[in-house]
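Engineer: My structure is in work_33.txt, and what it holds is compact mmCIF, C-alpha atoms:
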```txt
# COMPACT_ATOMS: atom_id res chain seq x y z
CA MET K 6 102.54 118.63 67.55
CA THR K 7 100.22 121.63 67.93
CA VAL K 8 96.96 121.93 66.05
CA ILE K 9 98.23 125.03 64.26
CA ASN K 10 101.30 123.17 63.01
CA GLU K 11 99.09 120.31 61.85
CA LEU K 12 96.82 122.65 59.92
CA ARG K 13 99.90 124.22 58.30
CA MET K 14 101.38 120.74 57.74
CA ARG K 15 104.52 121.77 59.57
CA ALA K 16 106.83 119.41 61.46
CA ALA K 17 106.37 119.10 65.22
CA ALA K 18 108.60 121.18 67.50
CA ASP K 19 109.24 117.99 69.45
CA PRO K 20 110.70 115.51 66.92
CA ALA K 21 109.88 112.57 69.16
CA GLY K 22 106.25 113.64 69.32
CA ARG K 23 106.15 113.36 73.15
CA SER K 24 104.17 116.56 73.76
CA GLY K 25 100.46 116.48 74.48
CA TRP K 26 98.10 114.11 76.25
CA ASP K 27 98.88 110.50 75.35
CA ALA K 28 95.35 109.12 75.66
CA SER K 29 94.58 105.41 75.51
CA VAL K 30 93.03 103.78 72.46
CA ARG K 31 89.71 103.46 74.27
CA THR K 32 89.71 107.16 75.18
CA ARG K 33 90.53 108.10 71.59
CA LEU K 34 87.66 105.91 70.35
CA VAL K 35 85.21 107.55 72.74
CA LEU K 36 86.43 111.07 71.94
CA THR K 37 86.28 110.52 68.17
CA GLY K 38 82.77 109.05 68.30
CA THR K 39 81.58 111.76 70.71
CA VAL K 40 82.78 114.61 68.51
CA MET K 41 81.11 113.13 65.42
CA ALA K 42 77.88 112.43 67.30
CA LEU K 43 77.81 115.92 68.84
CA LEU K 44 78.21 117.59 65.45
CA LEU K 45 75.29 115.56 64.10
CA VAL K 46 73.17 116.27 67.19
CA GLY K 47 73.69 119.98 66.58
CA ALA K 48 72.82 119.68 62.92
CA ASN K 49 69.48 118.05 63.82
CA LEU K 50 68.42 120.00 66.91
CA ALA K 51 66.10 122.11 64.74
CA THR K 52 63.83 119.23 63.66
CA PRO K 53 61.08 119.74 66.28
CA LEU K 54 61.63 123.51 66.14
CA TYR K 55 60.75 123.98 62.47
CA PRO K 56 57.06 124.71 63.20
CA LEU K 57 58.18 127.50 65.57
CA LEU K 58 60.67 128.79 63.01
CA GLN K 59 57.97 128.70 60.34
CA GLU K 60 55.78 130.88 62.53
CA ARG K 61 58.58 133.24 63.61
CA LEU K 62 60.03 133.79 60.15
CA GLN K 63 56.81 133.24 58.15
CA LEU K 64 58.15 130.24 56.22
CA GLY K 65 56.21 127.78 54.05
CA PRO K 66 56.87 124.03 53.61
CA PHE K 67 59.27 124.58 50.70
CA ALA K 68 61.27 127.16 52.69
CA VAL K 69 61.68 124.62 55.49
CA THR K 70 62.97 121.98 53.08
CA LEU K 71 65.24 124.61 51.50
CA ALA K 72 66.77 125.43 54.89
CA PHE K 73 67.19 121.73 55.66
CA SER K 74 68.65 120.96 52.24
CA SER K 75 71.19 123.79 52.46
CA TYR K 76 72.88 121.79 55.20
CA VAL K 77 72.87 118.67 53.03
CA LEU K 78 74.15 120.47 49.93
CA ALA K 79 76.98 122.12 51.90
CA LEU K 80 77.82 118.75 53.40
CA MET K 81 78.01 117.09 49.98
CA ALA K 82 80.14 119.89 48.56
CA GLY K 83 82.47 119.60 51.54
CA LEU K 84 82.85 115.85 51.14
CA VAL K 85 83.98 116.40 47.55
CA LEU K 86 86.15 119.47 48.18
CA TYR K 87 87.87 118.61 51.46
CA GLY K 88 86.70 115.17 52.57
CA HIS K 89 90.29 113.91 52.14
CA TRP K 90 91.99 116.69 54.09
CA SER K 91 92.43 114.60 57.23
CA ASP K 92 94.84 112.37 55.29
CA HIS K 93 97.19 115.34 55.03
CA ILE K 94 96.58 117.55 58.07
CA GLY K 95 95.86 114.68 60.46
CA ARG K 96 92.65 113.32 61.97
CA ARG K 97 92.86 115.44 65.14
CA ALA K 98 93.37 118.72 63.28
CA ALA K 99 90.44 117.97 60.96
CA LEU K 100 88.15 117.26 63.91
CA VAL K 101 89.26 120.44 65.72
CA LEU K 102 88.54 122.49 62.61
CA ALA K 103 85.15 120.76 62.23
CA VAL K 104 84.16 121.57 65.82
CA CYS K 105 85.05 125.26 65.36
CA VAL K 106 83.01 125.52 62.16
CA GLY K 107 80.12 123.65 63.79
CA LEU K 108 80.13 126.05 66.74
CA ALA K 109 79.89 129.03 64.39
CA GLY K 110 77.07 127.45 62.37
CA GLY K 111 74.97 126.59 65.42
CA ILE K 112 75.23 130.09 66.90
CA ILE K 113 74.37 131.76 63.58
CA PHE K 114 71.35 129.45 63.16
CA ALA K 115 70.17 130.17 66.72
CA PHE K 116 69.97 133.94 66.17
CA ALA K 117 69.00 133.94 62.46
CA PRO K 118 66.56 136.80 61.72
CA SER K 119 65.71 135.64 58.20
CA LEU K 120 65.75 132.66 55.86
CA PRO K 121 69.10 133.57 54.17
CA VAL K 122 70.88 133.74 57.55
CA LEU K 123 69.18 130.49 58.58
CA ILE K 124 70.55 128.90 55.41
CA ALA K 125 74.05 130.27 56.14
CA GLY K 126 74.04 128.70 59.62
CA ARG K 127 72.85 125.39 58.24
CA ALA K 128 75.52 125.49 55.53
CA LEU K 129 78.26 125.92 58.14
CA GLN K 130 76.89 122.96 60.08
CA GLY K 131 77.02 120.92 56.89
CA ALA K 132 80.61 121.98 56.25
CA ALA K 133 81.58 120.86 59.77
CA VAL K 134 79.97 117.44 59.40
CA ALA K 135 81.62 117.00 55.99
CA LEU K 136 85.07 117.62 57.41
CA ALA K 137 84.45 115.30 60.36
CA THR K 138 82.89 112.42 58.40
CA GLY K 139 85.97 111.13 56.62
CA ALA K 140 88.29 112.06 59.51
CA SER K 141 86.31 110.24 62.21
CA SER K 142 85.68 107.16 60.08
CA ALA K 143 89.35 106.87 59.12
CA ALA K 144 90.46 107.51 62.72
CA LEU K 145 88.21 104.73 64.01
CA ARG K 146 89.61 102.31 61.45
CA GLU K 147 93.18 103.23 62.38
CA LEU K 148 92.40 102.76 66.07
CA LEU K 149 90.92 99.31 65.37
CA PRO K 150 93.20 97.92 62.63
CA MET K 151 92.37 94.30 63.44
CA HIS K 152 88.61 94.89 63.68
CA PRO K 153 87.44 96.75 60.53
CA GLU K 154 83.85 95.56 61.04
CA TRP K 155 83.69 97.20 64.45
CA ALA K 156 85.28 100.35 63.06
CA GLY K 157 82.50 100.53 60.46
CA ARG K 158 79.90 99.72 63.09
CA PHE K 159 81.11 102.50 65.39
CA THR K 160 81.11 104.93 62.45
CA LEU K 161 77.50 104.18 61.61
CA LEU K 162 76.49 104.13 65.28
CA ALA K 163 77.95 107.60 65.88
CA SER K 164 76.28 108.89 62.72
CA ALA K 165 72.84 107.36 63.22
CA GLY K 166 72.92 107.89 66.99
CA GLY K 167 73.84 111.55 66.66
CA VAL K 168 71.19 112.19 64.05
CA ALA K 169 68.57 110.36 66.16
CA ALA K 170 69.47 112.19 69.37
CA GLY K 171 69.24 115.62 67.72
CA PRO K 172 65.44 115.86 67.41
CA VAL K 173 64.89 114.41 70.90
CA ALA K 174 67.39 116.83 72.45
CA GLY K 175 65.87 119.71 70.49
CA GLY K 176 62.39 118.86 71.76
CA LEU K 177 63.53 118.56 75.38
CA LEU K 178 65.63 121.73 75.34
CA SER K 179 62.84 123.72 73.66
CA SER K 180 61.06 123.74 77.05
CA LEU K 181 63.68 126.29 78.19
CA PRO K 182 63.10 130.02 77.70
CA SER K 183 63.72 131.12 74.09
CA PRO K 184 62.91 127.68 72.61
CA THR K 185 64.50 128.38 69.22
CA THR K 186 67.74 129.68 70.75
CA ALA K 187 68.40 127.83 74.01
CA PRO K 188 68.95 124.35 72.46
CA PHE K 189 71.79 125.68 70.30
CA LEU K 190 73.45 127.55 73.16
CA VAL K 191 73.43 124.44 75.35
CA HIS K 192 74.85 122.44 72.46
CA ALA K 193 77.55 125.07 71.89
CA VAL K 194 78.70 124.63 75.50
CA LEU K 195 78.94 120.84 75.07
CA LEU K 196 80.79 121.19 71.77
CA ALA K 197 83.26 123.65 73.32
CA ALA K 198 83.80 121.22 76.21
CA ALA K 199 84.65 118.43 73.75
CA LEU K 200 87.11 120.73 72.02
CA VAL K 201 89.34 120.95 75.12
CA PRO K 202 90.51 117.30 75.32
CA LEU K 203 90.65 117.15 71.53
CA TRP K 204 93.03 120.13 71.49
CA LEU K 205 95.22 118.67 74.26
CA LEU K 206 95.43 115.22 72.67
CA ARG K 207 98.79 114.01 71.37
CA ALA K 208 98.08 113.73 67.65
CA ARG K 209 99.10 110.79 65.54
CA PRO K 210 101.05 111.63 62.36
CA ALA K 211 99.10 112.41 59.23
CA LEU K 212 98.87 109.55 56.75
CA PHE K 213 100.18 111.61 53.81
CA PRO K 214 101.73 114.87 55.10
CA ALA K 215 102.50 117.33 52.34
CA PRO K 216 104.53 120.22 53.72
CA GLY K 217 105.72 123.27 51.85
CA ARG K 218 104.71 123.78 48.25
CA GLN K 219 103.09 120.35 48.06
CA ALA K 220 100.41 121.34 50.60
CA GLN K 221 98.22 123.31 48.22
CA ARG K 222 98.29 120.52 45.66
CA ALA K 223 97.47 117.85 48.25
CA LEU K 224 94.43 119.74 49.54
CA ARG K 225 92.89 120.19 46.12
CA PRO K 226 89.72 118.19 45.33
CA ARG K 227 90.62 114.85 43.84
CA ARG K 228 88.81 112.32 41.76
CA LEU K 229 87.79 108.99 43.20
CA ALA K 230 89.71 106.03 41.84
CA LEU K 231 88.19 102.64 42.53
CA SER K 232 89.23 99.23 41.36
CA VAL K 233 86.83 97.55 38.95
CA GLU K 234 86.04 94.92 41.58
CA ALA K 235 85.06 97.53 44.20
CA ARG K 236 82.75 99.61 41.99
CA PRO K 237 79.61 97.43 42.28
CA ARG K 238 80.00 97.40 46.08
CA PHE K 239 80.51 101.16 46.09
CA TRP K 240 77.36 101.90 44.10
CA THR K 241 75.27 99.45 46.10
CA ALA K 242 76.33 101.17 49.34
CA ALA K 243 75.77 104.62 47.84
CA VAL K 244 72.27 103.86 46.53
CA VAL K 245 71.23 102.13 49.76
CA GLY K 246 72.50 105.20 51.58
CA PHE K 247 70.55 107.49 49.23
CA LEU K 248 67.29 105.65 49.96
CA SER K 249 68.06 105.57 53.69
CA PHE K 250 68.69 109.26 53.95
CA SER K 251 65.67 110.19 51.86
CA LEU K 252 63.64 108.59 54.67
CA PHE K 253 65.76 110.31 57.32
CA GLY K 254 65.44 113.62 55.49
CA PHE K 255 61.66 113.44 55.65
CA GLY K 256 61.80 112.62 59.35
CA LEU K 257 64.15 115.52 60.07
CA SER K 258 62.39 118.21 58.03
CA LEU K 259 58.64 117.94 57.37
CA ALA K 260 57.72 115.06 59.69
CA PRO K 261 56.93 117.30 62.72
CA THR K 262 54.47 119.31 60.63
CA TYR K 263 53.01 116.08 59.23
CA PHE K 264 52.58 114.61 62.71
CA ALA K 265 50.83 117.77 63.88
CA GLN K 266 48.45 117.79 60.89
CA VAL K 267 47.61 114.09 60.67
CA PHE K 268 47.92 112.85 64.25
CA GLY K 269 47.24 116.06 66.14
CA VAL K 270 50.58 115.92 67.96
CA GLU K 271 51.42 119.31 69.46
CA SER K 272 54.17 118.46 71.95
CA ARG K 273 57.61 119.32 70.59
CA VAL K 274 59.16 116.59 72.73
CA LEU K 275 56.79 114.01 71.24
CA THR K 276 57.27 115.21 67.66
CA GLY K 277 61.04 115.09 68.16
CA ALA K 278 60.80 111.57 69.55
CA LEU K 279 58.56 110.39 66.69
CA ALA K 280 60.89 111.94 64.11
CA ALA K 281 63.85 110.21 65.75
CA LEU K 282 62.27 106.74 66.00
CA THR K 283 63.55 105.49 62.65
CA LEU K 284 67.01 106.89 63.30
CA ALA K 285 67.14 105.48 66.83
CA ALA K 286 66.15 102.03 65.57
CA SER K 287 68.85 102.30 62.92
CA ALA K 288 71.43 103.21 65.55
CA LEU K 289 70.43 100.28 67.76
CA SER K 290 70.71 97.89 64.85
CA GLN K 291 74.40 98.78 64.55
CA LEU K 292 75.04 97.14 67.92
CA PHE K 293 73.47 93.76 67.24
CA GLY K 294 74.03 91.03 64.69
CA ARG K 295 76.73 90.66 62.07
CA ALA K 296 76.80 92.55 58.82
CA HIS K 297 76.59 90.20 55.85
CA THR K 298 75.79 91.01 52.26
CA ARG K 299 73.51 87.96 52.12
CA LEU K 300 71.10 89.86 54.38
CA LEU K 301 70.95 92.92 52.12
CA PRO K 302 67.96 91.99 49.86
CA ALA K 303 65.82 90.87 52.83
CA ALA K 304 66.70 94.01 54.79
CA LEU K 305 65.77 96.23 51.84
CA ALA K 306 62.43 94.40 51.44
CA LEU K 307 61.66 94.96 55.13
CA MET K 308 62.62 98.62 54.80
CA ALA K 309 60.18 98.95 51.90
CA ALA K 310 57.47 97.38 54.06
CA GLY K 311 58.20 99.76 56.94
CA VAL K 312 58.10 102.86 54.73
CA THR K 313 54.81 101.72 53.18
CA LEU K 314 53.29 101.17 56.61
CA ILE K 315 54.29 104.68 57.67
CA ALA K 316 52.06 106.06 54.90
CA VAL K 317 49.31 103.57 55.79
CA ALA K 318 49.48 104.70 59.43
CA GLY K 319 48.88 108.27 58.29
CA GLU K 320 45.84 107.28 56.27
CA LEU K 321 44.43 105.27 59.20
CA ARG K 322 45.40 107.94 61.77
CA SER K 323 47.00 105.14 63.78
CA LEU K 324 49.79 106.35 66.05
CA PRO K 325 50.71 102.81 67.27
CA LEU K 326 51.07 101.66 63.66
CA LEU K 327 53.27 104.68 62.93
CA VAL K 328 55.54 103.79 65.86
CA GLY K 329 55.82 100.14 64.79
CA ALA K 330 56.38 101.02 61.13
CA SER K 331 59.08 103.58 62.00
CA ILE K 332 60.93 101.05 64.15
CA LEU K 333 60.69 98.38 61.44
CA ALA K 334 61.97 100.79 58.77
CA GLY K 335 64.86 101.88 61.01
CA LEU K 336 65.97 98.38 61.98
CA ALA K 337 65.85 97.22 58.36
CA GLN K 338 67.66 100.34 57.13
CA GLY K 339 70.40 99.85 59.71
CA ALA K 340 70.97 96.24 58.69
CA ALA K 341 70.93 97.11 54.96
CA PHE K 342 73.26 100.08 55.14
CA ARG K 343 75.65 98.37 57.56
CA SER K 344 75.97 95.38 55.24
CA ALA K 345 76.55 97.49 52.14
CA PHE K 346 78.82 100.01 53.90
CA ASN K 347 81.08 97.41 55.52
CA ASP K 348 81.32 95.54 52.23
CA VAL K 349 82.69 98.54 50.34
CA VAL K 350 85.00 99.59 53.19
CA ALA K 351 86.55 96.13 53.29
CA SER K 352 87.16 96.22 49.53
CA VAL K 353 89.42 99.31 49.47
CA PRO K 354 92.92 99.85 50.93
CA ALA K 355 93.38 101.96 54.06
CA ALA K 356 94.95 104.76 52.03
CA GLN K 357 91.65 105.27 50.18
CA HIS K 358 89.39 104.85 53.18
CA ALA K 359 88.63 108.50 54.05
CA GLN K 360 88.17 109.42 50.39
CA VAL K 361 85.89 106.47 49.58
CA VAL K 362 83.78 106.93 52.71
CA SER K 363 83.38 110.62 51.90
CA THR K 364 82.29 109.79 48.35
CA VAL K 365 79.78 107.19 49.57
CA TYR K 366 78.29 109.86 51.78
CA VAL K 367 78.10 112.33 48.88
CA VAL K 368 75.52 110.09 47.21
CA THR K 369 74.01 109.13 50.56
CA TYR K 370 73.38 112.71 51.65
CA LEU K 371 72.01 113.53 48.23
CA GLY K 372 69.04 111.46 49.39
CA SER K 373 68.43 114.01 52.13
CA ALA K 374 68.32 116.86 49.63
CA VAL K 375 66.69 115.97 46.30
CA PRO K 376 63.73 113.83 47.49
CA VAL K 377 63.06 116.20 50.41
CA LEU K 378 63.02 119.25 48.12
CA GLY K 379 60.66 117.37 45.80
CA LEU K 380 58.49 116.48 48.78
CA GLY K 381 58.34 120.13 49.80
CA LEU K 382 57.32 121.23 46.31
CA LEU K 383 54.73 118.46 46.05
CA ALA K 384 53.33 119.31 49.49
CA SER K 385 52.86 122.92 48.39
CA GLY K 386 50.69 121.69 45.51
CA VAL K 387 48.72 118.68 46.78
CA GLY K 388 49.10 118.98 50.55
CA LEU K 389 51.51 117.26 52.90
CA PRO K 390 49.50 114.06 53.62
CA ALA K 391 49.10 113.26 49.90
CA ALA K 392 52.76 114.12 49.23
CA VAL K 393 53.87 111.67 51.94
CA ILE K 394 51.95 108.86 50.20
CA TRP K 395 53.78 109.54 46.92
CA PHE K 396 57.10 109.80 48.76
CA ALA K 397 56.57 106.46 50.54
CA ALA K 398 55.62 104.76 47.28
CA ALA K 399 58.77 106.02 45.51
CA CYS K 400 61.07 105.11 48.41
CA SER K 401 59.59 101.60 48.73
CA ALA K 402 59.88 101.00 44.99
CA GLY K 403 63.52 102.06 45.11
CA CYS K 404 64.28 99.63 47.95
CA LEU K 405 62.69 96.74 46.08
CA ALA K 406 64.52 97.66 42.85
CA VAL K 407 67.92 97.66 44.60
CA ALA K 408 67.10 94.37 46.34
CA GLY K 409 66.23 92.85 42.96
CA ALA K 410 69.45 94.18 41.41
CA VAL K 411 71.55 92.72 44.23
CA VAL K 412 69.90 89.30 43.83
CA ALA K 413 70.33 89.41 40.05
CA ARG K 414 74.02 90.32 40.35
CA ARG K 415 74.54 87.55 42.85
CA CYS K 416 72.86 85.04 40.54
CA ARG K 417 75.02 86.11 37.60
CA ARG K 418 78.14 85.85 39.72
CA ASP K 419 77.25 82.39 40.98
CA GLY K 420 76.26 81.19 37.51
CA ARG K 421 72.84 80.03 38.65
CA TRP K 422 71.01 81.39 35.65
CA GLY K 423 73.30 79.55 33.27
CA ARG K 424 72.78 76.26 35.08
CA GLY K 425 69.04 76.85 35.15
CA ASN K 426 68.90 77.45 31.39
CA ALA K 427 70.97 74.34 30.73
CA ALA K 428 68.51 72.27 32.74
```
Output the file's structure as structure tokens, nothing else.
Structural biologist:
Amino acid sequence: MTVINELRMRAAADPAGRSGWDASVRTRLVLTGTVMALLLVGANLATPLYPLLQERLQLGPFAVTLAFSSYVLALMAGLVLYGHWSDHIGRRAALVLAVCVGLAGGIIFAFAPSLPVLIAGRALQGAAVALATGASSAALRELLPMHPEWAGRFTLLASAGGVAAGPVAGGLLSSLPSPTTAPFLVHAVLLAAALVPLWLLRARPALFPAPGRQAQRALRPRRLALSVEARPRFWTAAVVGFLSFSLFGFGLSLAPTYFAQVFGVESRVLTGALAALTLAASALSQLFGRAHTRLLPAALALMAAGVTLIAVAGELRSLPLLVGASILAGLAQGAAFRSAFNDVVASVPAAQHAQVVSTVYVVTYLGSAVPVLGLGLLASGVGLPAAVIWFAAACSAGCLAVAGAVVARRCRRDGRWGRGNAA
């Protein structure tokens, strides 16, 4: 089946579906994870370049957060509007379309002459990641039907790993001529190279094909329908994701400027590495240990401690403390989000997987937009160092509140309070 036929939801020319490259399951896993990671790398290449973009385009802190948040807002809109498309056009076709949109967004961002064009490029990158999020997660689960935990782990690893690698790659590639353009051109070549095997791949049938007149109806935005039992798990995962990505959003937007002001860090490679520390630790945590909801409150408490210590490190001007605090926050975040994410994924049927994952990420990515915009506004008024203290306090309080809510719900479910009162 050709990609064009998949996008049009037309039947394959070869009824037996023998055309195309019949790749192994392992190859399909690697290709799916690589495409998702590459899209996220491209979306975060700009992190260490924002100081240069500020200087080139005469942007203030709020303009930087506006450019960053345009990506997040486009991503959230895409998850709602077309996060379920891969169920109907197929996982391969959705990923091909995402790569094409991501290529366009990266090139527009690279040559943007003004803030509005910068925002347009970022929005296209967000649209690409939105389309790929549900498709890649659902594809991984279908490739590992007997190992849903590993499917969820690979999903989070590709996401966190791609986001973490973006700032580091951006810092390294900025040493080339034209530092605000070259990183995106190199990334465009890699993304185009990944498109070739993806295009040649023999696609698996769409889960719910809707040819003819049914196609338009199937691709319309649809409301999320969750069972009553799954809703608490869904909201726990969504709120944990919101808190996680508020921390990531700070690291990927204003952190390089903060590091330069407070710690005197001028190297773009070093600022990219520092910004990626929390994300890298989160990615590594996906590879070790088992996800269990019993670990969620402790992981959230450790995340609160790590975020608090990041602000303390700024006040003390202690770079070693910043490194340790960032790693602690990332490891704890990875354990917390993995536990909550896998719990909600396991509670819904496969037919709802792409839609539910997309909706979880709507709330999750909201954490990269609203708190970061607030941080940018606050920084314009009281200065970035003071704004970071307020941000850390709010994020830590949120982690502790969710941890308390999880423990309270668990106690109510187990009937411990009732037995305690009777005693």
Engineer: With distances taken over all atoms listed in the file, which of K:Ser290, K:Ser180, K:Thr283, K:Thr241 is nearest to Val412 of chain K?
Structural biologist: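 Among K:Ser290, K:Ser180, K:Thr283, K:Thr241, it is K:Thr241 that comes nearest to Val412 of chain K.
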Engineer: Between atom CA of Ile315 of chain K and atom CA of Gly246 of chain K, measure the distance and give it in Å to one decimal.
Structural biologist: 19.2 Å
Engineer: Using all atoms listed in the file for the distances, tell me which of K:Ile124, K:Leu50, K:Leu205, K:Leu45 is nearest to Pro184 of chain K.
Structural biologist: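 The closest residue to Pro184 of chain K is K:Leu50.
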Engineer: Near Val365 of chain K, counting only C-alpha atoms, which residues have an atom at most 9 Å away, once you skip same-chain residues fewer than 5 positions from it, shown as a list in words?
Structural biologist: Phe239, Trp240, Ala242, Ala243, Val244, Gly246, Phe346, Gln360 and Tyr370 of chain K
Engineer: Of the residues K:Val377, K:Ala144, K:Val173, K:Leu44, which is the one nearest to Ala280 of chain K, using only C-alpha atoms?
Structural biologist: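 Closest to Ala280 of chain K, using only C-alpha atoms: K:Val173.
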Engineer: Dig up all the protein and nucleic acid residues within 10 Å of (71.1, 113.3, 45.8) in the file frame, using all atoms listed in the file, and format them as a ChimeraX atom specification.
Structural biologist: /K:77-78,81,244,247-248,250-251,366-377
Engineer: Please determine, counting only C-alpha atoms, which residue among K:Gly176, K:Gly409, K:Gly139, K:Pro390 has the shortest atom-to-atom distance to Val85 of chain K.
Structural biologist: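 Distance minimum relative to Val85 of chain K lands on K:Gly139.
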Engineer: How many Å separate atom CA of Leu162 of chain K from atom CA of Ala128 of chain K?
Structural biologist: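 Going from atom CA of Leu162 of chain K over to atom CA of Ala128 of chain K covers 23.5 Å.
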Engineer: Let me make sure I understand: among K:Leu327, K:Leu305, K:Leu148, K:Ala72, which one has the smallest atom-to-atom distance to Ser401 of chain K if we use all atoms listed in the file?
Structural biologist: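 Using all atoms listed in the file, Ser401 of chain K sits closest to K:Leu305.
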Engineer: With distances taken over only C-alpha atoms, which of K:Leu336, K:Leu177, K:Leu34, K:Ala135 is nearest to Val191 of chain K?
Structural biologist: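 Comparing K:Leu336, K:Leu177, K:Leu34, K:Ala135 against Val191 of chain K, the winner is K:Leu177.
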Engineer: What does the distance from atom CA of Val69 of chain K to atom CA of Leu324 of chain K come to in Å, to one decimal?
Structural biologist: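 Atom CA of Leu324 of chain K lies 24.2 Å from atom CA of Val69 of chain K.
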Engineer: Using only C-alpha atoms, which residues sit within 10 Å of Phe159 of chain K once same-chain residues fewer than 2 positions away are excluded, as a PyMOL selection string?
Structural biologist: chain K and resi 34-35+37-38+141-142+145-146+153-157+161-166+288+291-292
